[in-house]
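With compact mmCIF, C-alpha atoms inside, this is data-v3.txt:
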# COMPACT_ATOMS: atom_id res chain seq x y z
CA MET A 53 44.25 20.37 9.02
CA ALA A 54 43.77 19.71 12.72
CA ASP A 55 41.53 16.84 13.70
CA LEU A 56 37.92 17.95 14.05
CA PRO A 57 35.83 17.07 17.14
CA LEU A 58 33.79 13.92 16.67
CA SER A 59 30.58 15.95 16.83
CA VAL A 60 31.53 18.16 13.86
CA LEU A 61 30.92 17.29 10.21
CA THR A 62 33.78 17.56 7.76
CA ASP A 63 33.50 20.00 4.87
CA ASP A 64 32.70 17.17 2.44
CA GLU A 65 30.02 15.83 4.78
CA LYS A 66 28.49 19.31 5.13
CA LYS A 67 28.24 19.71 1.35
CA LEU A 68 26.72 16.26 1.06
CA VAL A 69 24.11 16.99 3.75
CA GLN A 70 23.22 20.36 2.22
CA GLY A 71 22.83 18.89 -1.27
CA LEU A 72 20.71 15.94 -0.18
CA ALA A 73 18.59 18.18 2.07
CA ARG A 74 17.77 20.39 -0.94
CA VAL A 75 16.70 17.33 -2.93
CA SER A 76 14.51 16.15 -0.06
CA GLN A 77 12.87 19.55 0.31
CA SER A 78 12.18 19.87 -3.41
CA GLU A 79 10.46 16.46 -3.42
CA SER A 80 8.44 17.10 -0.25
CA ARG A 81 5.39 18.72 -1.86
CA ARG A 82 5.08 16.13 -4.66
CA LEU A 83 5.32 13.19 -2.26
CA GLY A 84 2.92 14.85 0.16
CA LEU A 85 0.32 15.25 -2.60
CA LEU A 86 0.71 11.58 -3.59
CA GLU A 87 0.06 10.62 0.02
CA LYS A 88 -3.12 12.74 0.04
CA TYR A 89 -4.37 11.00 -3.11
CA ARG A 90 -3.69 7.57 -1.59
CA ASP A 91 -5.62 8.45 1.57
CA ALA A 92 -8.47 10.21 -0.31
CA GLU A 93 -7.66 13.49 1.42
CA GLN A 94 -7.25 15.47 -1.77
CA THR A 95 -10.21 17.66 -2.64
CA VAL A 96 -11.22 20.04 -5.39
CA ARG A 97 -9.12 22.68 -3.64
CA HIS A 98 -6.03 20.65 -4.42
CA ILE A 99 -6.67 20.21 -8.13
CA GLY A 100 -6.61 23.82 -9.21
CA ILE A 101 -10.28 24.83 -8.94
CA ALA A 102 -11.46 27.77 -6.88
CA VAL A 103 -14.54 26.51 -5.02
CA PRO A 104 -16.65 29.13 -3.21
CA PRO A 105 -16.79 28.62 0.56
CA GLU A 106 -20.54 27.95 0.48
CA LEU A 107 -20.00 24.96 -1.81
CA ARG A 108 -17.14 23.34 0.11
CA ASP A 109 -19.52 20.87 1.76
CA PHE A 110 -20.31 19.41 -1.67
CA GLU A 111 -16.74 18.34 -2.42
CA ALA A 112 -16.35 14.59 -2.91
CA THR A 113 -13.84 12.11 -4.25
CA VAL A 114 -13.50 8.39 -4.99
CA ASN A 115 -10.46 6.63 -3.57
CA VAL A 116 -9.29 4.93 -6.77
CA PRO A 117 -5.62 5.81 -6.02
CA GLY A 118 -5.95 3.91 -2.74
CA MET A 119 -7.19 0.89 -4.72
CA ALA A 120 -4.20 1.17 -7.04
CA VAL A 121 -1.92 0.75 -4.01
CA ARG A 122 -3.87 -1.66 -1.80
CA GLU A 123 -4.95 -4.16 -4.45
CA ILE A 124 -1.29 -4.92 -5.19
CA VAL A 125 0.05 -4.71 -1.64
CA GLN A 126 -2.56 -7.04 -0.14
CA ARG A 127 -1.57 -9.76 -2.65
CA GLN A 128 2.14 -9.50 -1.84
CA ALA A 129 3.01 -12.19 0.73
CA LEU A 130 6.62 -13.32 1.03
CA LYS A 131 6.89 -17.03 1.81
CA ALA A 132 10.59 -17.70 2.53
CA PHE A 133 14.20 -17.17 1.44
CA VAL A 134 16.29 -19.90 -0.14
CA ARG A 135 19.98 -20.17 -0.98
CA THR A 136 21.34 -20.89 -4.44
CA GLY A 137 21.23 -24.63 -5.07
CA ASP A 138 18.96 -25.30 -2.09
CA GLU A 139 15.18 -25.30 -2.35
CA GLN A 140 14.68 -25.61 1.40
CA PRO A 141 13.86 -22.36 3.22
CA ASP A 142 16.84 -20.91 5.07
CA SER A 143 16.05 -21.08 8.79
CA ALA A 144 18.53 -18.36 9.82
CA LEU A 145 17.04 -15.85 7.38
CA GLN A 146 13.54 -16.83 8.47
CA GLU A 147 14.45 -16.17 12.11
CA ALA A 148 15.85 -12.75 11.15
CA TRP A 149 12.62 -11.98 9.27
CA GLU A 150 10.46 -12.94 12.23
CA TYR A 151 12.70 -11.20 14.81
CA ASN A 152 12.19 -7.90 13.00
CA ASN A 153 8.40 -8.39 12.57
CA LEU A 154 8.77 -8.13 8.82
CA ASP A 155 5.54 -9.97 8.07
CA SER A 156 3.81 -6.76 9.12
CA GLN A 157 6.60 -4.22 8.50
CA SER A 158 7.09 -5.38 4.91
CA ILE A 159 3.54 -4.20 4.19
CA LEU A 160 4.65 -0.65 5.07
CA CYS A 161 7.57 -0.96 2.66
CA HIS A 162 5.40 -2.22 -0.19
CA LYS A 163 2.80 0.47 0.53
CA ASP A 164 5.42 3.23 0.29
CA ALA A 165 6.89 1.77 -2.90
CA ARG A 166 3.49 1.64 -4.61
CA THR A 167 2.56 5.14 -3.35
CA PHE A 168 5.75 7.13 -3.88
CA GLY A 169 7.49 4.93 -6.45
CA ARG A 170 10.22 4.09 -3.95
CA ALA A 171 10.76 2.71 -0.47
CA PHE A 172 13.76 2.15 1.79
CA VAL A 173 14.88 -0.52 4.25
CA SER A 174 17.95 -0.13 6.46
CA VAL A 175 20.03 -2.67 8.37
CA GLY A 176 21.89 -1.62 11.49
CA THR A 177 23.59 -2.75 14.66
CA ASN A 178 21.28 -3.72 17.49
CA PRO A 179 21.89 -1.56 20.60
CA GLU A 180 21.01 -4.61 22.71
CA GLU A 181 24.22 -6.58 23.13
CA GLY A 182 24.08 -10.09 21.72
CA GLU A 183 20.85 -9.47 19.79
CA PRO A 184 20.51 -9.86 15.97
CA PRO A 185 20.90 -6.82 13.68
CA LEU A 186 17.87 -4.61 13.21
CA ILE A 187 16.02 -4.34 9.90
CA THR A 188 13.96 -1.14 9.71
CA VAL A 189 11.53 0.14 7.09
CA GLU A 190 12.43 3.80 6.65
CA PRO A 191 9.86 6.42 5.57
CA ALA A 192 10.15 7.32 1.91
CA ARG A 193 9.18 10.93 2.61
CA GLY A 194 12.16 12.92 3.78
CA MET A 195 14.68 10.52 2.21
CA ALA A 196 17.11 11.66 -0.49
CA VAL A 197 19.77 9.49 -2.12
CA SER A 198 22.82 9.82 -4.33
CA VAL A 199 23.24 6.94 -6.80
CA ASP A 200 26.40 5.68 -8.49
CA ARG A 201 24.79 4.90 -11.85
CA ARG A 202 27.82 3.11 -13.26
CA ARG A 203 28.09 0.64 -10.38
CA ARG A 204 24.34 0.70 -9.64
CA VAL A 205 24.78 1.28 -5.92
CA LEU A 206 23.82 3.99 -3.44
CA LYS A 207 26.68 6.39 -2.67
CA ALA A 208 24.96 8.31 0.15
CA ALA A 209 21.53 8.90 1.63
CA LEU A 210 19.98 11.41 4.01
CA ARG A 211 16.76 11.07 5.95
CA THR A 212 15.46 14.27 7.58
CA TYR A 213 12.63 14.43 10.10
CA GLU A 214 11.37 16.36 13.14
CA ASP A 215 11.21 14.99 16.66
CA GLU A 216 7.51 15.10 17.59
CA PHE A 217 8.18 16.00 21.23
CA SER A 218 11.20 18.32 21.23
CA ARG A 219 10.41 19.70 17.74
CA GLU A 220 14.12 19.49 16.95
CA ARG A 221 15.22 18.82 13.38
CA MET A 222 16.90 15.43 13.13
CA ALA A 223 18.65 13.59 10.31
CA THR A 224 20.38 10.30 9.53
CA LEU A 225 23.27 10.35 7.07
CA TYR A 226 24.11 6.98 5.51
CA LEU A 227 27.68 6.65 4.22
CA PRO A 228 29.61 3.60 2.94
CA ASP A 229 31.61 3.20 6.17
CA SER A 230 29.42 4.85 8.80
CA THR A 231 25.96 6.02 9.74
CA LEU A 232 25.71 9.46 11.34
CA TYR A 233 22.78 10.59 13.49
CA LEU A 234 22.49 14.39 13.30
CA ILE A 235 20.74 17.19 15.20
CA ARG A 236 20.09 20.65 13.80
CA LYS A 237 21.83 23.28 15.93
CA GLY A 238 21.18 26.83 14.78
CA ARG A 239 21.97 26.89 11.07
CA GLY A 240 24.17 23.81 11.05
CA TRP A 241 24.13 20.09 11.83
CA THR A 242 25.89 18.40 14.75
CA ILE A 243 26.70 14.70 15.04
CA ASP A 244 24.73 13.23 17.95
CA GLU A 245 25.78 9.62 17.45
CA ARG A 246 28.03 7.74 15.06
CA ASP A 247 27.98 4.07 13.97
CA ASP A 248 31.24 3.18 12.19
CA HIS A 249 30.39 -0.17 10.62
CA ASN A 250 33.17 -0.03 7.97
CA PHE A 251 30.99 -1.90 5.49
CA GLY A 252 32.29 -0.21 2.39
CA ARG A 253 28.69 0.25 1.21
CA LEU A 254 25.46 1.74 2.48
CA PRO A 255 23.41 -0.41 4.88
CA LEU A 256 20.34 0.79 2.99
CA VAL A 257 18.33 -0.81 0.18
CA MET A 258 16.03 1.11 -2.17
CA PHE A 259 12.85 -0.49 -3.53
CA LEU A 260 11.58 0.92 -6.83
CA ASN A 261 8.12 0.63 -8.36
CA ASP A 262 7.87 0.37 -12.16
CA PRO A 263 11.46 1.57 -12.80
CA VAL A 264 12.91 2.49 -16.19
CA ALA A 265 16.27 1.18 -17.44
CA GLY A 266 19.08 3.63 -16.73
CA LYS A 267 17.04 5.63 -14.22
CA PHE A 268 17.07 4.90 -10.52
CA GLU A 269 13.67 6.43 -10.00
CA GLY A 270 10.36 4.71 -9.42
CA ARG A 271 6.89 5.64 -10.57
CA SER A 272 3.82 5.74 -8.37
CA ALA A 273 1.25 3.03 -9.02
CA MET A 274 -1.36 5.82 -8.90
CA SER A 275 0.13 7.91 -11.71
CA ASP A 276 -2.15 6.65 -14.47
CA VAL A 277 -5.40 7.34 -12.63
CA ILE A 278 -4.75 10.63 -10.83
CA PRO A 279 -5.95 12.83 -13.75
CA LYS A 280 -9.14 10.78 -14.03
CA VAL A 281 -9.71 10.94 -10.27
CA ASP A 282 -9.51 14.74 -10.53
CA ALA A 283 -12.20 14.62 -13.23
CA ILE A 284 -14.34 12.30 -11.07
CA SER A 285 -14.01 14.70 -8.12
CA ARG A 286 -15.18 17.63 -10.24
CA THR A 287 -18.10 15.59 -11.61
CA LEU A 288 -19.21 14.39 -8.17
CA THR A 289 -19.04 17.94 -6.80
CA ASN A 290 -21.15 19.23 -9.68
CA MET A 291 -23.60 16.34 -9.25
CA GLN A 292 -24.11 17.10 -5.56
CA VAL A 293 -24.72 20.77 -6.29
CA ALA A 294 -27.18 19.80 -9.04
CA SER A 295 -28.98 17.30 -6.79
CA GLU A 296 -29.40 19.95 -4.10
CA ALA A 297 -30.53 22.68 -6.46
CA ALA A 298 -32.50 20.96 -9.21
CA ALA A 299 -33.07 17.24 -8.55
CA ILE A 300 -36.25 17.78 -6.49
CA PRO A 301 -39.42 19.20 -8.12
CA GLN A 302 -39.74 22.87 -7.23
CA ASN A 303 -42.94 24.91 -6.91
CA VAL A 304 -42.90 28.41 -8.38
CA ILE A 305 -45.45 31.18 -7.79
CA PHE A 306 -46.32 33.89 -10.29
CA GLY A 307 -48.34 37.04 -9.68
CA ALA A 308 -48.11 36.93 -5.88
CA ASP A 309 -47.22 39.78 -3.54
CA GLU A 310 -45.60 39.93 -0.10
CA ASP A 311 -48.88 39.57 1.81
CA ASP A 312 -49.45 36.15 0.26
CA PHE A 313 -46.52 34.79 2.31
CA LEU A 314 -48.08 35.61 5.68
CA ASP A 315 -49.93 33.06 7.81
CA GLU A 316 -53.40 33.51 9.27
CA ASN A 317 -51.93 35.53 12.14
CA GLY A 318 -50.13 37.90 9.83
CA ASP A 319 -46.72 36.47 10.63
CA PRO A 320 -44.21 35.61 7.85
CA ILE A 321 -44.07 31.93 6.88
CA PRO A 322 -40.77 30.41 8.15
CA ALA A 323 -38.05 30.06 5.55
CA TRP A 324 -37.82 26.29 6.16
CA GLU A 325 -41.49 25.84 5.26
CA ALA A 326 -41.06 28.01 2.21
CA TYR A 327 -38.02 25.97 1.19
CA TRP A 328 -40.06 22.78 1.27
CA THR A 329 -42.92 24.55 -0.55
CA LYS A 330 -45.43 23.89 2.19
CA LEU A 331 -47.46 26.73 0.68
CA LYS A 332 -49.71 24.98 -1.86
CA ALA A 333 -52.36 27.67 -2.48
CA ILE A 334 -52.77 31.43 -2.19
CA ALA A 335 -55.82 33.62 -1.98
CA ASN A 336 -54.59 36.10 -4.55
CA GLU A 337 -56.66 35.53 -7.71
CA LYS A 338 -53.80 36.85 -9.81
CA GLY A 339 -51.38 34.30 -8.41
CA HIS A 340 -50.48 31.05 -10.09
CA ILE A 341 -48.50 28.08 -8.72
CA GLY A 342 -46.48 25.96 -11.13
CA THR A 343 -43.95 23.12 -10.88
CA LEU A 344 -40.47 22.86 -12.37
CA SER A 345 -39.46 19.38 -13.53
CA PRO A 346 -36.51 17.85 -11.64
CA ALA A 347 -33.16 17.58 -13.38
CA ASP A 348 -31.98 14.18 -14.64
CA LEU A 349 -28.60 13.31 -13.09
CA LYS A 350 -27.89 10.32 -15.33
CA ASN A 351 -25.35 12.31 -17.32
CA PHE A 352 -23.26 12.67 -14.16
CA THR A 353 -23.56 9.04 -13.08
CA HIS A 354 -22.80 7.78 -16.57
CA MET A 355 -19.69 9.95 -16.74
CA VAL A 356 -18.45 8.72 -13.34
CA ASP A 357 -19.07 5.09 -14.31
CA ARG A 358 -17.07 5.45 -17.52
CA PHE A 359 -14.19 7.11 -15.69
CA LEU A 360 -14.15 4.31 -13.10
CA VAL A 361 -14.08 1.64 -15.82
CA TRP A 362 -11.15 3.32 -17.54
CA CYS A 363 -9.33 3.55 -14.21
CA ALA A 364 -9.84 -0.18 -13.65
CA ILE A 365 -8.62 -0.96 -17.18
CA GLU A 366 -5.45 1.09 -16.81
CA LEU A 367 -4.70 -0.43 -13.39
CA GLY A 368 -5.30 -3.96 -14.63
CA LEU A 369 -8.14 -4.43 -12.13
CA PRO A 370 -11.30 -6.41 -12.87
CA THR A 371 -14.06 -4.00 -13.87
CA ARG A 372 -16.27 -5.48 -11.13
CA TYR A 373 -13.91 -3.72 -8.70
CA ALA A 374 -15.24 -0.48 -10.21
CA GLY A 375 -18.87 -1.51 -9.64
CA MET A 376 -19.43 -2.93 -13.13
CA ASP A 377 -20.99 -6.25 -12.14
CA THR A 378 -23.99 -8.36 -13.05
CA THR A 379 -26.55 -9.75 -10.64
CA ASN A 380 -25.15 -13.26 -11.12
CA PRO A 381 -21.85 -14.05 -9.33
CA ALA A 382 -18.90 -14.71 -11.62
CA SER A 383 -17.89 -18.32 -12.19
CA GLU A 384 -14.51 -19.64 -11.11
CA GLY A 385 -13.13 -19.50 -14.65
CA ALA A 386 -14.43 -15.98 -15.16
CA VAL A 387 -12.79 -14.80 -11.94
CA VAL A 388 -9.43 -16.30 -12.97
CA ALA A 389 -9.61 -14.72 -16.42
CA ASP A 390 -10.78 -11.40 -15.01
CA GLU A 391 -7.87 -11.21 -12.56
CA PHE A 392 -5.15 -12.33 -14.96
CA ARG A 393 -3.69 -8.85 -15.56
CA LEU A 394 -3.78 -7.97 -11.85
CA VAL A 395 -2.08 -11.24 -10.88
CA LYS A 396 0.58 -10.79 -13.56
CA ARG A 397 1.23 -7.24 -12.38
CA VAL A 398 1.73 -8.46 -8.81
CA GLU A 399 4.07 -11.22 -9.99
CA ASN A 400 6.22 -8.70 -11.89
CA THR A 401 6.24 -6.42 -8.86
CA ASN A 402 7.30 -9.35 -6.66
CA LEU A 403 10.30 -9.99 -8.93
CA LEU A 404 11.59 -6.46 -8.29
CA ASP A 405 10.76 -6.41 -4.59
CA GLY A 406 12.17 -9.92 -4.18
CA ASP A 407 15.59 -8.77 -5.40
CA SER A 408 15.54 -5.89 -2.94
CA TRP A 409 14.50 -8.08 0.00
CA SER A 410 17.26 -10.54 -0.91
CA TRP A 411 19.81 -7.70 -0.72
CA VAL A 412 18.37 -6.69 2.65
CA MET A 413 18.83 -10.21 4.00
CA GLY A 414 22.37 -10.29 2.58
CA LEU A 415 23.16 -7.12 4.53
CA HIS A 416 21.68 -8.70 7.63
CA GLN A 417 23.91 -11.75 7.26
CA GLU A 418 26.96 -9.54 6.85
CA PHE A 419 26.09 -7.59 10.00
CA ALA A 420 25.37 -10.78 11.94
CA THR A 421 28.33 -12.96 10.86
CA GLY A 422 30.82 -10.66 9.18
CA GLU A 423 30.62 -12.86 6.07
CA THR A 424 29.56 -11.37 2.75
CA PRO A 425 27.19 -13.72 0.86
CA ALA A 426 27.92 -14.45 -2.79
CA ARG A 427 26.21 -12.11 -5.23
CA ASN A 428 22.56 -13.04 -5.80
CA SER A 429 22.93 -16.16 -3.65
CA ILE A 430 19.70 -15.42 -1.73
CA ARG A 431 16.35 -15.68 -3.46
CA ALA A 432 12.89 -14.66 -2.22
CA LEU A 433 9.89 -16.96 -2.64
CA TRP A 434 6.36 -15.53 -2.74
CA HIS A 435 2.92 -16.97 -2.13
CA ASN A 436 0.63 -17.21 -5.13
CA PRO A 437 -1.00 -13.78 -5.65
CA ALA A 438 -4.09 -15.29 -7.28
CA THR A 439 -7.26 -15.89 -5.27
CA PRO A 440 -7.99 -19.64 -5.23
CA THR A 441 -10.17 -20.96 -2.46
CA TYR A 442 -8.65 -23.26 0.16
CA SER A 443 -10.60 -26.24 -1.20
CA GLN A 444 -9.32 -25.54 -4.74
CA ARG A 445 -5.75 -25.48 -3.47
CA VAL A 446 -6.21 -28.73 -1.54
CA ASP A 447 -7.82 -30.40 -4.55
CA GLY A 448 -4.92 -29.42 -6.80
CA VAL A 449 -2.31 -30.65 -4.30
CA LEU A 450 -4.15 -33.96 -3.83
CA LYS A 451 -4.13 -34.52 -7.59
CA LEU A 452 -0.37 -33.94 -7.69
CA LYS A 453 0.10 -36.31 -4.74
CA SER A 454 -2.10 -39.06 -6.20
CA ALA A 455 -0.26 -38.82 -9.52
CA GLY A 456 3.04 -39.36 -7.70
CA LEU A 457 4.40 -35.98 -8.76
CA VAL A 458 5.06 -34.74 -5.23
CA SER A 459 5.82 -36.34 -1.86
CA ARG A 460 3.91 -35.74 1.37
CA ARG A 461 6.31 -32.98 2.38
CA GLY A 462 6.22 -31.63 -1.15
CA ALA A 463 2.43 -31.39 -0.81
CA TRP A 464 2.92 -29.45 2.40
CA ASP A 465 5.21 -27.06 0.54
CA GLU A 466 2.54 -26.55 -2.11
CA MET A 467 0.04 -25.77 0.65
CA GLY A 468 2.37 -23.06 1.93
CA TRP A 469 2.90 -24.57 5.36
CA SER A 470 5.66 -23.11 7.50
CA PRO A 471 8.57 -25.25 8.78
CA GLU A 472 7.03 -25.13 12.27
CA ARG A 473 3.72 -26.45 10.95
CA LYS A 474 5.50 -29.32 9.18
CA LYS A 475 7.40 -30.25 12.34
CA ARG A 476 4.17 -30.23 14.32
CA GLU A 477 2.43 -32.52 11.82
CA LEU A 478 5.38 -34.96 11.90
CA GLN A 479 5.11 -35.04 15.70
CA TYR A 480 1.38 -35.73 15.48
CA MET A 481 1.99 -38.58 13.03
CA ALA A 482 4.64 -40.11 15.28
CA GLN A 483 2.28 -39.91 18.26
CA GLU A 484 -0.51 -41.54 16.28
CA ALA A 485 1.80 -44.36 15.19
CA ASP A 486 2.73 -45.12 18.83
CA ASP A 487 -0.82 -44.80 20.23
CA PRO A 488 -2.46 -48.29 20.66
CA VAL A 489 -5.95 -46.79 20.92
CA LEU A 490 -5.58 -45.00 17.60
CA ALA A 491 -4.10 -48.17 16.11
CA ARG A 492 -7.19 -50.13 17.23
CA PHE A 493 -9.52 -47.56 15.65
CA ASP A 494 -7.45 -47.67 12.48
CA ALA A 495 -7.84 -51.46 12.38
CA LEU A 496 -11.61 -51.15 12.77
CA LEU A 497 -11.78 -48.69 9.89
CA ASN A 498 -10.16 -51.34 7.69
CA THR A 499 -12.62 -54.16 8.49
CA ASP A 500 -15.85 -55.50 6.92
CA ASN A 501 -18.94 -55.16 9.16
CA GLY A 502 -16.77 -54.65 12.25
CA GLN A 503 -14.91 -57.93 11.72
CA PRO A 504 -11.26 -58.02 10.70
CA ALA A 505 -10.89 -58.29 6.94
How does this structure look as structure tokens?
Amino acid sequence: MADLPLSVLTDDEKKLVQGLARVSQSESRRLGLLEKYRDAEQTVRHIGIAVPPELRDFEATVNVPGMAVREIVQRQALKAFVRTGDEQPDSALQEAWEYNNLDSQSILCHKDARTFGRAFVSVGTNPEEGEPPLITVEPARGMAVSVDRRRRVLKAALRTYEDEFSRERMATLYLPDSTLYLIRKGRGWTIDERDDHNFGRLPLVMFLNDPVAGKFEGRSAMSDVIPKVDAISRTLTNMQVASEAAAIPQNVIFGADEDDFLDENGDPIPAWEAYWTKLKAIANEKGHIGTLSPADLKNFTHMVDRFLVWCAIELGLPTRYAGMDTTNPASEGAVVADEFRLVKRVENTNLLDGDSWSWVMGLHQEFATGETPARNSIRALWHNPATPTYSQRVDGVLKLKSAGLVSRRGAWDEMGWSPERKKRELQYMAQEADDPVLARFDALLNTDNGQPA
């Protein structure tokens, strides 16, 4: 076979693109609906109920799925990366993390993983000569992958999207030895740019949420509560209709005729006045005005409250997050006990995400230096996902320090200080030691009644 132009896909590449594109398209609707649930944009129309147009304004929902995502993501804070056998944070990996703004970008990755059950991060060559490799959080929607289940690695991946300005269909095909950037031309794909990195593996890492052994598929953190949220939406819609129609006492008139609804000038009473039952008496002796008792909506509110509690229980959230709280604030011990399941869930999630971030940083090192790190030689460290106050943390560290269990720098580690903060404190201490004025004040603080001890 004659050599193909560089802009043309081979037959094998065409089949791969077509197959992965079909997978992406088939997943598009499901992932789009999950995104709507997370952003509270789903309505009764989306859960299989035909709502008449005149009642559309009564549709309502509670964003419990958003809580299922955010309450985990906002407690995920990566502290540093360390090498095997070394507990000190690796400065080179920290610089790579900061160069790629991953303190903020990692939130997008975790958010996608919790929402869709999966997320993706790619590593690639920096187009700026001499600059470090780029680490990019790729959108989970539009991404399809092929997995080698025996070796537990990605064989190929395709990300499809549309350019928002030109409206052209674009795609990125990830292969073990190259990354192809494609443009849709007519009914086929053309290679626009090619990055031959010759890695031998995909420069792409997949994050999975709540995976199952033997399956390389994640599960949305919202899955358990979506059916209950649908029920809550229906209940809230019904409650609003009931509150509009029957929650306010209504006056009814019996035995009246049309003339009784005319004012003193013979003009009809406006509909708005009639709606608010401004008419309190009529001259017709046969007429009678009565009052209908308002409907009690407690059955709706009780049902919503119970659904919210069950959602909190299944998500491992404290029930006070669902509005079930007393007038007295919870004590410190009660808060710790109440959040135990949530904290444990975040810790387990961090174990999975930590492995994936370690693989990402391994890819970055390989791009940057050409050296492949030893398997599992990079480990991610996370900040404590619990919610202690700053004073509680300081008190605990001081007790460790006073007991001789940690050094000064070890105490700084426990406080979560960055290497830059530690260096700055050491500089301050050195300056204080060399400052005669501060030394004089220090001597005065160690005297009795202003006289040297």
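With all atoms listed in the file as the atoms that count, the residue of A:Leu225, A:Ala283, A:Val361, A:Ala120 with the shortest distance to Arg166 in chain A is A:Ala120.
Among the candidates A:Ile430, A:Leu457, A:Val60, A:Leu68, the residue lying nearest to Arg135 in chain A is A:Ile430 (atoms considered: all atoms listed in the file).
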Point out the residue among A:Leu61, A:Val189, A:Ala294, A:Leu206 with the least atom-to-atom distance to Asp244 in chain A, counting all atoms listed in the file. A:Leu61
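Proximity of A:Lys131, A:Arg372, A:Arg201, A:His435 to Leu145 in chain A, computed with only C-alpha atoms, is greatest for A:Lys131.
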Would you kindly return, as a PDB file with C-alpha atoms, in the coordinates of the input, each protein, DNA or RNA residue with an atom no farther than 7 Å from any atom of range 410-423 of chain A, considering only C-alpha atoms and excluding same-chain residues fewer than 4 positions away?
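Output below, filename selection_23.pdb:
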ATOM      1  CA  LEU A 145      17.040 -15.850   7.380  1.00  0.00           C
ATOM      2  CA  VAL A 175      20.030  -2.670   8.370  1.00  0.00           C
ATOM      3  CA  PRO A 184      20.510  -9.860  15.970  1.00  0.00           C
ATOM      4  CA  PRO A 185      20.900  -6.820  13.680  1.00  0.00           C
ATOM      5  CA  PRO A 255      23.410  -0.410   4.880  1.00  0.00           C
ATOM      6  CA  VAL A 257      18.330  -0.810   0.180  1.00  0.00           C
ATOM      7  CA  GLY A 406      12.170  -9.920  -4.180  1.00  0.00           C
ATOM      8  CA  ILE A 430      19.700 -15.420  -1.730  1.00  0.00           C
ATOM      9  CA  ARG A 431      16.350 -15.680  -3.460  1.00  0.00           C
ATOM     10  CA  ALA A 432      12.890 -14.660  -2.220  1.00  0.00           C
TER      11      ALA A 432
END
CA of Arg427 in chain A and CA of Glu472 in chain A are how many Å apart? 29.0 Å
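Of note, CA of Tyr480 in chain A and CA of Val458 in chain A are spaced 21.1 Å apart.
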For Trp149 in chain A, which residue out of A:Leu186, A:Met119, A:Pro263, A:Thr287 is the nearest one, using only C-alpha atoms? A:Leu186
Gln77 in chain A surroundings by all atoms listed in the file, 10 Å radius, close-in-sequence under 4 positions cut, as number ranges by chain: A: 72-73, 81-82, 193-196, 212
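Here CA of Ala209 in chain A is placed at a distance of 25.0 Å from CA of Lys88 in chain A.
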Would you mind telling me which residue in A:Tyr89, A:Trp241, A:Phe259, A:Tyr233 lies nearest to Leu160 in chain A when using only C-alpha atoms? A:Phe259
As an mmCIF file, in the coordinates of the input, the rebuilt range 284-295 of chain A with N, CA and C atoms:
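Written out: result-v9.cif:
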data_model
loop_
_atom_site.group_PDB
_atom_site.id
_atom_site.type_symbol
_atom_site.label_atom_id
_atom_site.label_comp_id
_atom_site.auth_asym_id
_atom_site.auth_seq_id
_atom_site.Cartn_x
_atom_site.Cartn_y
_atom_site.Cartn_z
ATOM 1 N N ILE A 284 -13.248 12.888 -11.841
ATOM 2 C CA ILE A 284 -14.340 12.300 -11.070
ATOM 3 C C ILE A 284 -14.723 13.217 -9.909
ATOM 4 N N SER A 285 -13.731 13.800 -9.240
ATOM 5 C CA SER A 285 -14.010 14.700 -8.120
ATOM 6 C C SER A 285 -14.813 15.911 -8.583
ATOM 7 N N ARG A 286 -14.434 16.480 -9.724
ATOM 8 C CA ARG A 286 -15.180 17.630 -10.240
ATOM 9 C C ARG A 286 -16.619 17.222 -10.588
ATOM 10 N N THR A 287 -16.761 16.045 -11.209
ATOM 11 C CA THR A 287 -18.100 15.590 -11.610
ATOM 12 C C THR A 287 -18.980 15.327 -10.400
ATOM 13 N N LEU A 288 -18.427 14.677 -9.375
ATOM 14 C CA LEU A 288 -19.210 14.390 -8.170
ATOM 15 C C LEU A 288 -19.606 15.678 -7.451
ATOM 16 N N THR A 289 -18.712 16.659 -7.436
ATOM 17 C CA THR A 289 -19.040 17.940 -6.800
ATOM 18 C C THR A 289 -20.179 18.623 -7.548
ATOM 19 N N ASN A 290 -20.080 18.625 -8.881
ATOM 20 C CA ASN A 290 -21.150 19.230 -9.680
ATOM 21 C C ASN A 290 -22.464 18.473 -9.501
ATOM 22 N N MET A 291 -22.380 17.136 -9.403
ATOM 23 C CA MET A 291 -23.600 16.340 -9.250
ATOM 24 C C MET A 291 -24.286 16.633 -7.922
ATOM 25 N N GLN A 292 -23.502 16.802 -6.862
ATOM 26 C CA GLN A 292 -24.110 17.100 -5.560
ATOM 27 C C GLN A 292 -24.762 18.479 -5.554
ATOM 28 N N VAL A 293 -24.115 19.443 -6.198
ATOM 29 C CA VAL A 293 -24.720 20.770 -6.290
ATOM 30 C C VAL A 293 -26.014 20.695 -7.097
ATOM 31 N N ALA A 294 -25.986 19.930 -8.207
ATOM 32 C CA ALA A 294 -27.180 19.800 -9.040
ATOM 33 C C ALA A 294 -28.298 19.076 -8.308
ATOM 34 N N SER A 295 -27.941 18.051 -7.514
ATOM 35 C CA SER A 295 -28.980 17.300 -6.790
ATOM 36 C C SER A 295 -29.633 18.173 -5.722
#
